[in-house]
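K.L.:
One file: query_35.pdb (PDB, C-alpha atoms).
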MODEL        1
ATOM      1  CA  MET A 295       0.000   0.000   0.000
ATOM      2  CA  HIS A 296       1.253   3.484  -0.930
ATOM      3  CA  ARG A 297       0.266   6.344   1.391
ATOM      4  CA  TRP A 298      -0.061   9.855  -0.050
ATOM      5  CA  THR A 299      -0.551  12.845   2.277
ATOM      6  CA  VAL A 300      -2.558  15.678   0.731
ATOM      7  CA  ASN A 301      -2.920  19.241   2.036
ATOM      8  CA  LEU A 302      -6.340  20.379   0.875
ATOM      9  CA  ASN A 303      -5.530  23.999   1.775
ATOM     10  CA  THR A 304      -3.252  24.167  -1.266
ATOM     11  CA  ARG A 305      -3.720  23.089  -4.882
ATOM     12  CA  SER A 306      -0.215  21.720  -5.371
ATOM     13  CA  TRP A 307      -1.429  18.132  -4.922
ATOM     14  CA  LEU A 308      -3.396  18.394  -8.162
ATOM     15  CA  ASP A 309      -0.185  18.465 -10.198
ATOM     16  CA  SER A 310       1.811  15.959  -8.148
ATOM     17  CA  PRO A 311       3.060  12.696  -9.662
ATOM     18  CA  GLU A 312       1.008  10.784  -7.069
ATOM     19  CA  ALA A 313      -2.224  12.219  -8.492
ATOM     20  CA  ALA A 314      -1.576  10.654 -11.875
ATOM     21  CA  GLU A 315      -0.498   7.358 -10.304
ATOM     22  CA  VAL A 316      -3.632   7.127  -8.163
ATOM     23  CA  ALA A 317      -5.850   7.864 -11.173
ATOM     24  CA  GLY A 318      -4.028   5.178 -13.130
ATOM     25  CA  SER A 319      -4.535   2.661 -10.332
ATOM     26  CA  LEU A 320      -8.279   3.361 -10.372
ATOM     27  CA  THR A 321      -8.588   2.843 -14.111
ATOM     28  CA  ALA A 322      -6.580  -0.384 -13.701
ATOM     29  CA  GLY A 323      -9.271  -1.719 -11.351
ATOM     30  CA  GLN A 324      -7.418  -1.323  -8.049
ATOM     31  CA  LEU A 325      -8.820  -0.146  -4.701
ATOM     32  CA  ILE A 326      -8.019   3.322  -3.348
ATOM     33  CA  ALA A 327      -8.971   4.864   0.006
ATOM     34  CA  VAL A 328     -10.175   8.417  -0.649
ATOM     35  CA  PRO A 329     -11.094  11.161   1.845
ATOM     36  CA  THR A 330     -14.410  12.979   1.474
ATOM     37  CA  GLU A 331     -16.128  15.539   3.671
ATOM     38  CA  THR A 332     -18.230  12.759   5.253
ATOM     39  CA  VAL A 333     -15.992   9.700   5.848
ATOM     40  CA  TYR A 334     -13.146   7.969   4.010
ATOM     41  CA  GLY A 335     -14.359   5.925   1.034
ATOM     42  CA  LEU A 336     -13.103   2.648  -0.428
ATOM     43  CA  ALA A 337     -13.002   3.668  -4.073
ATOM     44  CA  ALA A 338     -13.046   1.677  -7.290
ATOM     45  CA  ASP A 339     -14.157   2.204 -10.886
ATOM     46  CA  ALA A 340     -17.955   1.782 -10.722
ATOM     47  CA  SER A 341     -18.081   0.770 -14.381
ATOM     48  CA  ASN A 342     -15.696  -2.158 -13.760
ATOM     49  CA  GLY A 343     -17.537  -5.156 -12.329
ATOM     50  CA  GLU A 344     -14.329  -6.877 -11.204
ATOM     51  CA  ALA A 345     -13.198  -3.732  -9.377
ATOM     52  CA  CYS A 346     -16.581  -3.481  -7.633
ATOM     53  CA  ALA A 347     -16.278  -7.133  -6.648
ATOM     54  CA  ARG A 348     -12.970  -6.280  -4.958
ATOM     55  CA  ILE A 349     -14.809  -3.721  -2.801
ATOM     56  CA  TYR A 350     -17.271  -6.339  -1.586
ATOM     57  CA  GLU A 351     -14.467  -8.825  -0.973
ATOM     58  CA  ALA A 352     -12.241  -6.376   0.926
ATOM     59  CA  LYS A 353     -15.066  -5.145   3.161
ATOM     60  CA  GLY A 354     -16.788  -8.506   3.606
ATOM     61  CA  ARG A 355     -19.887  -6.702   2.373
ATOM     62  CA  PRO A 356     -22.972  -8.615   1.184
ATOM     63  CA  GLN A 357     -23.399  -8.150  -2.575
ATOM     64  CA  PHE A 358     -27.112  -7.336  -2.192
ATOM     65  CA  ASN A 359     -26.052  -4.054  -0.525
ATOM     66  CA  PRO A 360     -25.694  -1.413  -3.289
ATOM     67  CA  LEU A 361     -22.837   1.086  -3.608
ATOM     68  CA  ILE A 362     -22.908   4.856  -4.049
ATOM     69  CA  SER A 363     -21.324   6.095  -7.275
ATOM     70  CA  HIS A 364     -19.506   9.429  -7.015
ATOM     71  CA  VAL A 365     -19.194  11.837  -9.930
ATOM     72  CA  GLU A 366     -17.665  15.273 -10.342
ATOM     73  CA  SER A 367     -20.759  17.276 -11.360
ATOM     74  CA  PHE A 368     -24.522  17.293 -11.642
ATOM     75  CA  SER A 369     -24.266  17.225 -15.436
ATOM     76  CA  ARG A 370     -22.217  14.021 -15.191
ATOM     77  CA  ALA A 371     -24.752  12.523 -12.767
ATOM     78  CA  GLN A 372     -27.469  13.133 -15.365
ATOM     79  CA  THR A 373     -25.690  10.761 -17.751
ATOM     80  CA  HIS A 374     -26.290   7.941 -15.266
ATOM     81  CA  GLY A 375     -29.690   8.655 -13.737
ATOM     82  CA  VAL A 376     -33.120  10.106 -14.520
ATOM     83  CA  PHE A 377     -33.738  13.240 -12.453
ATOM     84  CA  SER A 378     -37.297  14.334 -11.732
ATOM     85  CA  PRO A 379     -38.078  18.008 -10.944
ATOM     86  CA  SER A 380     -37.647  17.350  -7.201
ATOM     87  CA  ALA A 381     -34.350  15.523  -7.764
ATOM     88  CA  ILE A 382     -33.093  18.427  -9.885
ATOM     89  CA  LYS A 383     -34.075  20.911  -7.171
ATOM     90  CA  LEU A 384     -32.247  18.889  -4.510
ATOM     91  CA  ALA A 385     -29.131  18.393  -6.633
ATOM     92  CA  LYS A 386     -28.881  22.100  -7.427
ATOM     93  CA  ALA A 387     -29.385  23.035  -3.769
ATOM     94  CA  PHE A 388     -27.009  20.562  -2.107
ATOM     95  CA  TRP A 389     -24.371  19.358  -4.591
ATOM     96  CA  PRO A 390     -21.467  19.246  -4.058
ATOM     97  CA  GLY A 391     -22.237  18.030  -0.556
ATOM     98  CA  PRO A 392     -23.277  15.196   1.784
ATOM     99  CA  LEU A 393     -26.381  14.144  -0.156
ATOM    100  CA  THR A 394     -26.904  10.938  -2.155
ATOM    101  CA  LEU A 395     -29.852  10.683  -4.535
ATOM    102  CA  VAL A 396     -31.281   7.308  -5.538
ATOM    103  CA  VAL A 397     -32.899   7.770  -8.935
ATOM    104  CA  PRO A 398     -33.896   5.518 -11.868
ATOM    105  CA  ARG A 399     -30.791   4.270 -13.670
ATOM    106  CA  LYS A 400     -30.402   5.103 -17.341
ATOM    107  CA  ASP A 401     -29.944   2.078 -19.589
ATOM    108  CA  SER A 402     -26.982   3.840 -21.191
ATOM    109  CA  SER A 403     -25.104   4.214 -17.883
ATOM    110  CA  PRO A 404     -21.902   2.140 -17.721
ATOM    111  CA  ILE A 405     -22.225   1.699 -13.945
ATOM    112  CA  SER A 406     -21.905  -2.000 -13.162
ATOM    113  CA  SER A 407     -24.973  -3.943 -12.061
ATOM    114  CA  LEU A 408     -22.817  -5.150  -9.176
ATOM    115  CA  ALA A 409     -22.555  -1.548  -7.940
ATOM    116  CA  THR A 410     -26.340  -1.156  -8.139
ATOM    117  CA  ALA A 411     -26.922  -4.647  -6.650
ATOM    118  CA  GLY A 412     -29.045  -5.449  -9.687
ATOM    119  CA  LEU A 413     -31.601  -2.735  -8.897
ATOM    120  CA  SER A 414     -33.214  -0.513 -11.534
ATOM    121  CA  THR A 415     -32.047   2.516  -9.534
ATOM    122  CA  VAL A 416     -28.632   4.037  -8.987
ATOM    123  CA  ALA A 417     -27.260   5.926  -5.953
ATOM    124  CA  LEU A 418     -25.385   9.055  -7.068
ATOM    125  CA  ARG A 419     -23.453  11.744  -5.205
ATOM    126  CA  VAL A 420     -21.337  14.779  -6.051
ATOM    127  CA  PRO A 421     -19.156  15.058  -2.940
ATOM    128  CA  ALA A 422     -17.730  18.276  -1.550
ATOM    129  CA  GLY A 423     -14.442  16.444  -0.950
ATOM    130  CA  PRO A 424     -12.182  17.663  -3.793
ATOM    131  CA  VAL A 425     -10.059  14.503  -4.069
ATOM    132  CA  MET A 426     -12.992  12.292  -5.047
ATOM    133  CA  ARG A 427     -14.265  14.849  -7.571
ATOM    134  CA  PHE A 428     -10.770  15.206  -9.033
ATOM    135  CA  LEU A 429     -10.420  11.446  -9.487
ATOM    136  CA  ALA A 430     -13.854  11.134 -11.103
ATOM    137  CA  GLU A 431     -13.096  13.955 -13.522
ATOM    138  CA  THR A 432      -9.538  12.814 -14.285
ATOM    139  CA  THR A 433     -10.463   9.189 -14.940
ATOM    140  CA  GLY A 434     -13.788   9.945 -16.597
ATOM    141  CA  ARG A 435     -15.271   7.111 -14.536
ATOM    142  CA  PRO A 436     -18.000   7.055 -11.875
ATOM    143  CA  ILE A 437     -16.359   6.008  -8.618
ATOM    144  CA  ALA A 438     -18.049   3.463  -6.366
ATOM    145  CA  ALA A 439     -17.049   4.212  -2.790
ATOM    146  CA  PRO A 440     -18.663   2.841   0.353
ATOM    147  CA  SER A 441     -17.019   3.679   3.675
ATOM    148  CA  ALA A 442     -13.459   2.328   3.886
ATOM    149  CA  ASN A 443     -13.986  -0.068   6.796
ATOM    150  CA  LEU A 444     -14.922  -3.690   7.349
ATOM    151  CA  SER A 445     -18.619  -4.194   6.659
ATOM    152  CA  GLY A 446     -20.871  -3.364   9.589
ATOM    153  CA  LYS A 447     -18.079  -1.876  11.685
ATOM    154  CA  ILE A 448     -17.362   1.725  12.722
ATOM    155  CA  SER A 449     -16.879   4.032   9.751
ATOM    156  CA  PRO A 450     -13.447   5.690   9.265
ATOM    157  CA  THR A 451     -12.905   9.426   9.654
ATOM    158  CA  THR A 452      -9.073   9.349   9.555
ATOM    159  CA  ALA A 453      -6.515   7.629   7.340
ATOM    160  CA  ASP A 454      -5.239   5.647  10.328
ATOM    161  CA  ASP A 455      -8.745   4.204  10.808
ATOM    162  CA  VAL A 456      -8.649   3.009   7.200
ATOM    163  CA  ALA A 457      -5.171   1.519   7.488
ATOM    164  CA  ALA A 458      -6.199  -0.470  10.572
ATOM    165  CA  ASP A 459      -9.150  -2.089   8.775
ATOM    166  CA  LEU A 460      -8.189  -2.353   5.112
ATOM    167  CA  GLY A 461      -4.503  -1.534   4.661
ATOM    168  CA  ASN A 462      -3.715  -4.889   3.061
ATOM    169  CA  SER A 463      -6.406  -4.451   0.382
ATOM    170  CA  LEU A 464      -5.357  -1.031  -0.902
ATOM    171  CA  ALA A 465      -3.139   0.129  -3.719
ATOM    172  CA  TRP A 466      -3.222   3.698  -2.321
ATOM    173  CA  LEU A 467      -4.342   5.406   0.886
ATOM    174  CA  ILE A 468      -4.841   9.158   0.474
ATOM    175  CA  ASP A 469      -4.474  10.992   3.785
ATOM    176  CA  ALA A 470      -6.127  14.414   3.964
ATOM    177  CA  GLY A 471      -6.613  14.496   7.729
ATOM    178  CA  PRO A 472      -9.878  14.077   9.663
ATOM    179  CA  CYS A 473     -13.175  14.318   7.793
ATOM    180  CA  THR A 474     -15.133  17.480   8.574
ATOM    181  CA  VAL A 475     -18.719  16.129   8.581
ATOM    182  CA  GLY A 476     -17.965  12.783  10.216
ATOM    183  CA  VAL A 477     -21.127  10.826   9.285
ATOM    184  CA  GLU A 478     -22.057   9.438   5.899
ATOM    185  CA  SER A 479     -24.204  11.263   3.376
ATOM    186  CA  THR A 480     -27.953  11.573   3.704
ATOM    187  CA  ILE A 481     -29.670   9.283   1.183
ATOM    188  CA  LEU A 482     -32.932  10.240  -0.499
ATOM    189  CA  SER A 483     -34.913   8.119  -2.922
ATOM    190  CA  VAL A 484     -36.519  10.242  -5.643
ATOM    191  CA  ILE A 485     -38.643   7.985  -7.844
ATOM    192  CA  ASP A 486     -41.573   9.427  -9.850
ATOM    193  CA  ASP A 487     -40.893  12.687  -7.974
ATOM    194  CA  ASN A 488     -41.724  10.947  -4.689
ATOM    195  CA  VAL A 489     -39.021  11.799  -2.126
ATOM    196  CA  ARG A 490     -38.284   9.395   0.733
ATOM    197  CA  LEU A 491     -35.522   9.460   3.332
ATOM    198  CA  LEU A 492     -33.603   6.175   3.167
ATOM    199  CA  ARG A 493     -30.742   7.142   5.516
ATOM    200  CA  PRO A 494     -30.240  10.246   7.697
ATOM    201  CA  GLY A 495     -26.770  11.700   7.318
ATOM    202  CA  GLY A 496     -24.638  14.806   7.020
ATOM    203  CA  LEU A 497     -27.469  16.897   5.536
ATOM    204  CA  SER A 498     -30.331  17.469   7.960
ATOM    205  CA  ARG A 499     -33.973  16.636   7.279
ATOM    206  CA  GLU A 500     -34.863  20.236   8.141
ATOM    207  CA  ASP A 501     -32.616  21.643   5.403
ATOM    208  CA  ILE A 502     -34.055  19.209   2.857
ATOM    209  CA  GLU A 503     -37.648  20.019   3.777
ATOM    210  CA  ALA A 504     -36.919  23.759   3.599
ATOM    211  CA  VAL A 505     -35.938  23.350  -0.064
ATOM    212  CA  LEU A 506     -38.803  21.006  -0.975
ATOM    213  CA  GLY A 507     -41.467  22.823   1.008
ATOM    214  CA  TYR A 508     -42.997  19.665   2.472
ATOM    215  CA  THR A 509     -42.334  16.895   5.012
ATOM    216  CA  VAL A 510     -40.156  13.997   3.869
ATOM    217  CA  GLU A 511     -41.187  10.536   5.008
ATOM    218  CA  GLY A 512     -38.642   7.929   6.035
ATOM    219  CA  VAL A 513     -38.502   4.157   5.565
ATOM    220  CA  PRO A 514     -37.926   1.633   8.369
ATOM    221  CA  GLN A 515     -34.631  -0.147   8.891
ATOM    222  CA  ILE A 516     -34.507  -3.677   7.541
ATOM    223  CA  GLY A 517     -33.226  -7.001   8.761
ATOM    224  CA  GLY A 518     -29.966  -8.605   7.723
ATOM    225  CA  THR A 519     -31.473 -10.890   5.062
ATOM    226  CA  GLU A 520     -33.557  -8.304   3.203
ATOM    227  CA  ALA A 521     -32.116  -6.488   0.200
ATOM    228  CA  PRO A 522     -31.684  -2.769   0.984
ATOM    229  CA  LEU A 523     -32.566   0.029  -1.430
ATOM    230  CA  ALA A 524     -29.448   1.954  -0.456
ATOM    231  CA  PRO A 525     -26.297   1.629   1.685
ATOM    232  CA  GLY A 526     -26.522   1.908   5.467
ATOM    233  CA  MET A 527     -30.064   0.540   5.799
ATOM    234  CA  LEU A 528     -29.263  -2.777   7.482
ATOM    235  CA  SER A 529     -30.491  -2.898  11.085
ATOM    236  CA  SER A 530     -27.028  -3.804  12.456
ATOM    237  CA  HIS A 531     -24.307  -1.486  11.189
ATOM    238  CA  TYR A 532     -21.535   0.875  12.360
ATOM    239  CA  ALA A 533     -20.890  -1.499  15.258
ATOM    240  CA  PRO A 534     -17.917  -1.541  17.670
ATOM    241  CA  ARG A 535     -16.724  -4.786  19.258
ATOM    242  CA  ALA A 536     -18.283  -3.704  22.554
ATOM    243  CA  GLY A 537     -21.992  -3.782  23.189
ATOM    244  CA  VAL A 538     -23.799  -0.435  23.040
ATOM    245  CA  ARG A 539     -26.389   0.757  25.589
ATOM    246  CA  LEU A 540     -28.387   3.779  24.456
ATOM    247  CA  ASN A 541     -30.043   6.670  26.308
ATOM    248  CA  ALA A 542     -28.021   5.942  29.431
ATOM    249  CA  HIS A 543     -28.810   8.203  32.389
ATOM    250  CA  ASN A 544     -26.299   6.430  34.608
ATOM    251  CA  VAL A 545     -23.004   4.579  34.187
ATOM    252  CA  LYS A 546     -22.372   1.058  35.399
ATOM    253  CA  ALA A 547     -18.950   0.107  36.743
ATOM    254  CA  GLY A 548     -16.511  -0.745  33.960
ATOM    255  CA  GLU A 549     -18.565   0.736  31.129
ATOM    256  CA  ALA A 550     -17.071   3.244  28.711
ATOM    257  CA  LEU A 551     -19.144   6.420  28.393
ATOM    258  CA  LEU A 552     -19.998   8.308  25.207
ATOM    259  CA  THR A 553     -21.524  11.541  26.416
ATOM    260  CA  PHE A 554     -22.778  14.868  25.035
ATOM    261  CA  GLY A 555     -22.983  18.344  26.500
ATOM    262  CA  SER A 556     -21.742  19.901  29.716
ATOM    263  CA  LEU A 557     -23.837  18.025  32.303
ATOM    264  CA  PRO A 558     -22.217  14.973  33.913
ATOM    265  CA  VAL A 559     -23.938  11.585  33.774
ATOM    266  CA  GLU A 560     -24.780   9.909  37.089
ATOM    267  CA  GLY A 561     -21.955   7.544  38.067
ATOM    268  CA  GLN A 562     -19.623   8.989  35.425
ATOM    269  CA  ASN A 563     -16.687   8.395  37.775
ATOM    270  CA  LEU A 564     -17.330   4.632  37.424
ATOM    271  CA  ALA A 565     -16.610   4.709  33.671
ATOM    272  CA  CYS A 566     -13.345   3.170  32.520
ATOM    273  CA  SER A 567     -13.117   5.904  29.874
ATOM    274  CA  VAL A 568     -15.156   8.938  28.823
ATOM    275  CA  PHE A 569     -15.469  10.593  25.414
ATOM    276  CA  ASN A 570     -17.552  13.762  25.067
ATOM    277  CA  LEU A 571     -18.872  14.287  21.536
ATOM    278  CA  SER A 572     -19.301  18.019  22.201
ATOM    279  CA  GLU A 573     -18.962  19.724  25.557
ATOM    280  CA  THR A 574     -20.765  22.772  24.130
ATOM    281  CA  GLY A 575     -23.728  20.721  22.893
ATOM    282  CA  SER A 576     -22.994  21.292  19.200
ATOM    283  CA  LEU A 577     -24.562  18.567  17.056
ATOM    284  CA  THR A 578     -22.277  19.501  14.167
ATOM    285  CA  GLU A 579     -19.232  18.864  16.356
ATOM    286  CA  ALA A 580     -20.828  15.704  17.739
ATOM    287  CA  ALA A 581     -21.382  14.287  14.246
ATOM    288  CA  ALA A 582     -17.767  14.978  13.306
ATOM    289  CA  ASN A 583     -16.571  13.190  16.469
ATOM    290  CA  LEU A 584     -19.016  10.266  16.539
ATOM    291  CA  PHE A 585     -17.053   7.504  14.818
ATOM    292  CA  SER A 586     -13.670   8.524  16.241
ATOM    293  CA  GLY A 587     -15.227   8.569  19.709
ATOM    294  CA  LEU A 588     -16.686   5.095  19.276
ATOM    295  CA  ARG A 589     -13.335   3.786  18.034
ATOM    296  CA  LYS A 590     -11.438   5.294  20.990
ATOM    297  CA  LEU A 591     -13.862   3.860  23.551
ATOM    298  CA  ASP A 592     -13.859   0.483  21.821
ATOM    299  CA  ALA A 593     -10.064   0.429  22.021
ATOM    300  CA  THR A 594     -10.248   0.520  25.836
ATOM    301  CA  GLY A 595     -11.378  -3.111  25.799
ATOM    302  CA  SER A 596     -14.549  -2.420  27.762
ATOM    303  CA  GLY A 597     -17.331  -4.863  26.999
ATOM    304  CA  GLN A 598     -19.981  -2.147  26.985
ATOM    305  CA  ILE A 599     -20.272   1.444  25.779
ATOM    306  CA  CYS A 600     -23.103   3.427  27.333
ATOM    307  CA  VAL A 601     -24.359   6.456  25.422
ATOM    308  CA  ALA A 602     -25.935   9.504  27.006
ATOM    309  CA  PRO A 603     -29.131  10.858  25.370
ATOM    310  CA  ILE A 604     -28.558  12.974  22.250
ATOM    311  CA  PRO A 605     -31.258  15.238  20.735
ATOM    312  CA  PHE A 606     -32.934  14.013  17.539
ATOM    313  CA  THR A 607     -33.049  17.467  15.934
ATOM    314  CA  GLY A 608     -30.835  18.500  12.999
ATOM    315  CA  LEU A 609     -27.783  16.282  12.646
ATOM    316  CA  GLY A 610     -28.895  14.534  15.840
ATOM    317  CA  GLU A 611     -31.182  12.399  13.666
ATOM    318  CA  ALA A 612     -28.170  10.997  11.783
ATOM    319  CA  ILE A 613     -26.164  10.549  15.002
ATOM    320  CA  ASN A 614     -28.994   8.622  16.657
ATOM    321  CA  ASP A 615     -29.549   6.550  13.512
ATOM    322  CA  ARG A 616     -25.913   5.392  13.591
ATOM    323  CA  LEU A 617     -26.063   4.664  17.320
ATOM    324  CA  ILE A 618     -29.308   2.663  17.030
ATOM    325  CA  ARG A 619     -27.722   0.494  14.328
ATOM    326  CA  ALA A 620     -24.524   0.154  16.364
ATOM    327  CA  ALA A 621     -26.616  -1.127  19.293
ATOM    328  CA  ALA A 622     -28.767  -3.524  17.232
ATOM    329  CA  PRO A 623     -28.506  -7.325  17.691
ATOM    330  CA  ARG A 624     -25.702  -8.734  15.538
ATOM    331  CA  ASP A 625     -25.493 -11.884  13.454
TER     332      ASP A 625
ENDMDL
END
What do you get writing this file as structure tokens?

P.N.:
Amino acid sequence: MHRWTVNLNTRSWLDSPEAAEVAGSLTAGQLIAVPTETVYGLAADASNGEACARIYEAKGRPQFNPLISHVESFSRAQTHGVFSPSAIKLAKAFWPGPLTLVVPRKDSSPISSLATAGLSTVALRVPAGPVMRFLAETTGRPIAAPSANLSGKISPTTADDVAADLGNSLAWLIDAGPCTVGVESTILSVIDDNVRLLRPGGLSREDIEAVLGYTVEGVPQIGGTEAPLAPGMLSSHYAPRAGVRLNAHNVKAGEALLTFGSLPVEGQNLACSVFNLSETGSLTEAAANLFSGLRKLDATGSGQICVAPIPFTGLGEAINDRLIRAAAPRD
């Protein structure tokens, strides 16, 4: 595995020899770990079925679980999917950004049926992360990129997280520091102009509804044997090794504590370790810290992580969604 450190505050990386080598590795069907604003992605050429198969193999991901394809622009996305008026409105409002749109797939799209899990729809995103957009534009290929972690485990927000899980499967690991959003993209299904929330994420429901002008309905989580419509819908996901106890108002001896805000939790002194997602009560900060906090507490070796209550408003919906799936019964 080659590791390439990128400073996104400058543009010098665009002309570096590594940029051309990484692009060449993608077109050759190899796996690359790529930073985005949400989490690090395990990237491969979405039009190459063998490359997509390598994603599933490396992650241990079930092949009925579709992949998001990343492109550099809305105009490019329109070559792969059919965008209704509502989908166009959402794309223009929130792309580039942490929003994935599931739309009908065009027959002319080269995206592999393995990436779409054989569905008639395709999940598309124009990320704000410049490295992914650069690679999509440079290669001219849609880039399939689920989170760069073992399937069902805690998503990676740093390059070191990726290396710990998937280092042996990568041709390149691009290190651009911690991800700024910290939870995966929000996924909306827009079929026949009917908008449904498939997965809460880095774009809040409130912001989406402000653009659409109406309430967006969600879909329930599904069991491990049902085929999902989009990534991140399985009931057990984002899970640490430790068990997870939600809405904890007290700490039991030996538990690790994931807390939020300035007020202490009863029995906090009994915790073997404490991680505060945001001492100021900022849900934006909490989202950015969620997966790194879970990883740090899991590394303590405690058998149980208790989680203090977190509001469901704004990005709190995405945070609670990830925690509910992390706490779900596991196969």

K.L.:
Please build the interface table for range 507-609 of chain A against range 326-334 of chain A with a cut-off of 10 Å, listing for each qualifying residue the nearest atom pair and the distance in Å to one decimal; count only C-alpha atoms, order rows by chain and increasing number, and write it as CSV.

P.N.:
residue,atom,partner,partner_atom,distance
A:Ala581,CA,A:Thr332,CA,9.7
A:Ala582,CA,A:Thr332,CA,8.4
A:Phe585,CA,A:Val333,CA,9.3

K.L.:
Could you jot down the CA of Thr304 in chain A to CA of Ala580 in chain A separation for me, Å, one decimal place?

P.N.:
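Straight-line distance from CA of Thr304 in chain A to CA of Ala580 in chain A works out to 27.2 Å.
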
K.L.:
Closest to Ser445 in chain A among A:Thr553, A:Gln357, A:Ser572, A:Thr509, using all atoms listed in the file?

P.N.:
A:Gln357

K.L.:
Just so the selection is clear, what residues does the PyMOL selection byres ((chain A and resi 410) around 9) cover here, as a compact mmCIF listing (two decimals) with C-alpha atoms, keeping the file's coordinate frame?

P.N.:
# COMPACT_ATOMS: atom_id res chain seq x y z
CA PHE A 358 -27.11 -7.34 -2.19
CA ASN A 359 -26.05 -4.05 -0.52
CA PRO A 360 -25.69 -1.41 -3.29
CA LEU A 361 -22.84 1.09 -3.61
CA ILE A 362 -22.91 4.86 -4.05
CA SER A 363 -21.32 6.10 -7.28
CA ARG A 399 -30.79 4.27 -13.67
CA ILE A 405 -22.22 1.70 -13.94
CA SER A 406 -21.90 -2.00 -13.16
CA SER A 407 -24.97 -3.94 -12.06
CA LEU A 408 -22.82 -5.15 -9.18
CA ALA A 409 -22.56 -1.55 -7.94
CA ALA A 411 -26.92 -4.65 -6.65
CA GLY A 412 -29.04 -5.45 -9.69
CA LEU A 413 -31.60 -2.74 -8.90
CA SER A 414 -33.21 -0.51 -11.53
CA THR A 415 -32.05 2.52 -9.53
CA VAL A 416 -28.63 4.04 -8.99
CA ALA A 417 -27.26 5.93 -5.95
CA ALA A 524 -29.45 1.95 -0.46

K.L.:
Which is closest to Gly575 in chain A among A:Thr607, A:Ser556, A:Ser369, A:Thr394, if we use all atoms listed in the file?

P.N.:
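For Gly575 in chain A, the nearest of the given residues is A:Ser556.
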
K.L.:
Would you list the contacts of Pro390 in chain A as an MDAnalysis selection string, taking every protein, DNA or RNA residue within 9 Å and counting only C-alpha atoms, but skipping same-chain residues closer than 6 positions in sequence?

P.N.:
chainID A and resid 366:368 419:423

K.L.:
If you apply the PyMOL selection byres ((chain A and resi 341) around 7) to this file, what residues do you get, as a VMD selection string?

P.N.:
chain A and resid 339 to 340 342 to 343 404 to 406 435 to 436

K.L.:
Rounded to one decimal place, report the CA of Gly537 in chain A-CA of Ile618 in chain A distance in Å.

P.N.:
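Taking CA of Gly537 in chain A as the start and CA of Ile618 in chain A as the end point, the length is 11.5 Å.
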
K.L.:
Mind telling me what the PyMOL selection byres ((chain A and resi 455) around 12) catches here, as a ChimeraX atom specification?

P.N.:
/A:327,329,333-335,441-444,447-454,456-461,467,469,471-473,585-590,593

K.L.:
In Å, with one decimal, what is the gap from CA of Gly495 in chain A to CA of Gly375 in chain A?

P.N.:
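Interatomic distance here is 21.5 Å.
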
K.L.:
Find, counting only C-alpha atoms, the residue in A:Leu523, A:Ala352, A:Ala317, A:Ile604 that gets nearest to Leu429 in chain A.

P.N.:
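Among the listed residues, the smallest separation from Leu429 in chain A belongs to A:Ala317.
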
K.L.:
Fewer than 6 positions away in the same chain doesn't count, so skip those; otherwise give me all residues within 10 Å of Val300 in chain A, counting only C-alpha atoms, as number ranges by chain.

P.N.:
A: 306-308, 310, 312-313, 329, 425, 468-471

K.L.:
For Gly476 in chain A, which residue among A:Gln324, A:Asn541, A:Asn563, A:Thr578 is the nearest when counting all atoms listed in the file?

P.N.:
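Under the stated criterion, the closest residue is A:Thr578.
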
K.L.:
Which residue is closest to Arg619 in chain A? Choose from A:Ser403, A:Ser530, A:Gln372, A:Ser380 and count only C-alpha atoms.

P.N.:
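Looking at the shortest contact to Arg619 in chain A, the residue is A:Ser530.
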
K.L.:
I want to know what sits within 6 Å of range 478-487 of chain A, based on all atoms listed in the file, with residues of the same chain fewer than 5 positions away left out; could you give that as a PyMOL selection string?

P.N.:
chain A and resi 332+378+380+392-397+492-497

K.L.:
Looking at all atoms listed in the file, which of A:Val489, A:Val316, A:Leu571, A:Ala536 is the one that sits closest to Leu464 in chain A?

P.N.:
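Looking only at the distances to Leu464 in chain A, the closest residue turns out to be A:Val316.
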
K.L.:
Could you please fill out range 418-425 of chain A with N, CA and C atoms and send it back as a short mmCIF file (atom, residue, chain, number, x, y, z; two decimals), keeping the file's coordinate frame?

P.N.:
data_model
loop_
_atom_site.label_atom_id
_atom_site.label_comp_id
_atom_site.auth_asym_id
_atom_site.auth_seq_id
_atom_site.Cartn_x
_atom_site.Cartn_y
_atom_site.Cartn_z
N LEU A 418 -26.36 8.12 -6.52
CA LEU A 418 -25.38 9.06 -7.07
C LEU A 418 -25.10 10.18 -6.08
N ARG A 419 -23.84 10.62 -6.07
CA ARG A 419 -23.45 11.74 -5.20
C ARG A 419 -22.36 12.56 -5.87
N VAL A 420 -22.44 13.87 -5.72
CA VAL A 420 -21.34 14.78 -6.05
C VAL A 420 -20.78 15.27 -4.72
N PRO A 421 -19.66 14.72 -4.27
CA PRO A 421 -19.16 15.06 -2.94
C PRO A 421 -18.49 16.43 -2.91
N ALA A 422 -18.48 17.03 -1.73
CA ALA A 422 -17.73 18.28 -1.55
C ALA A 422 -16.24 18.00 -1.45
N GLY A 423 -15.86 16.80 -1.03
CA GLY A 423 -14.44 16.44 -0.95
C GLY A 423 -13.77 16.55 -2.31
N PRO A 424 -12.76 17.41 -2.47
CA PRO A 424 -12.18 17.66 -3.79
C PRO A 424 -11.40 16.50 -4.38
N VAL A 425 -10.87 15.60 -3.53
CA VAL A 425 -10.06 14.50 -4.07
C VAL A 425 -10.94 13.54 -4.87
#
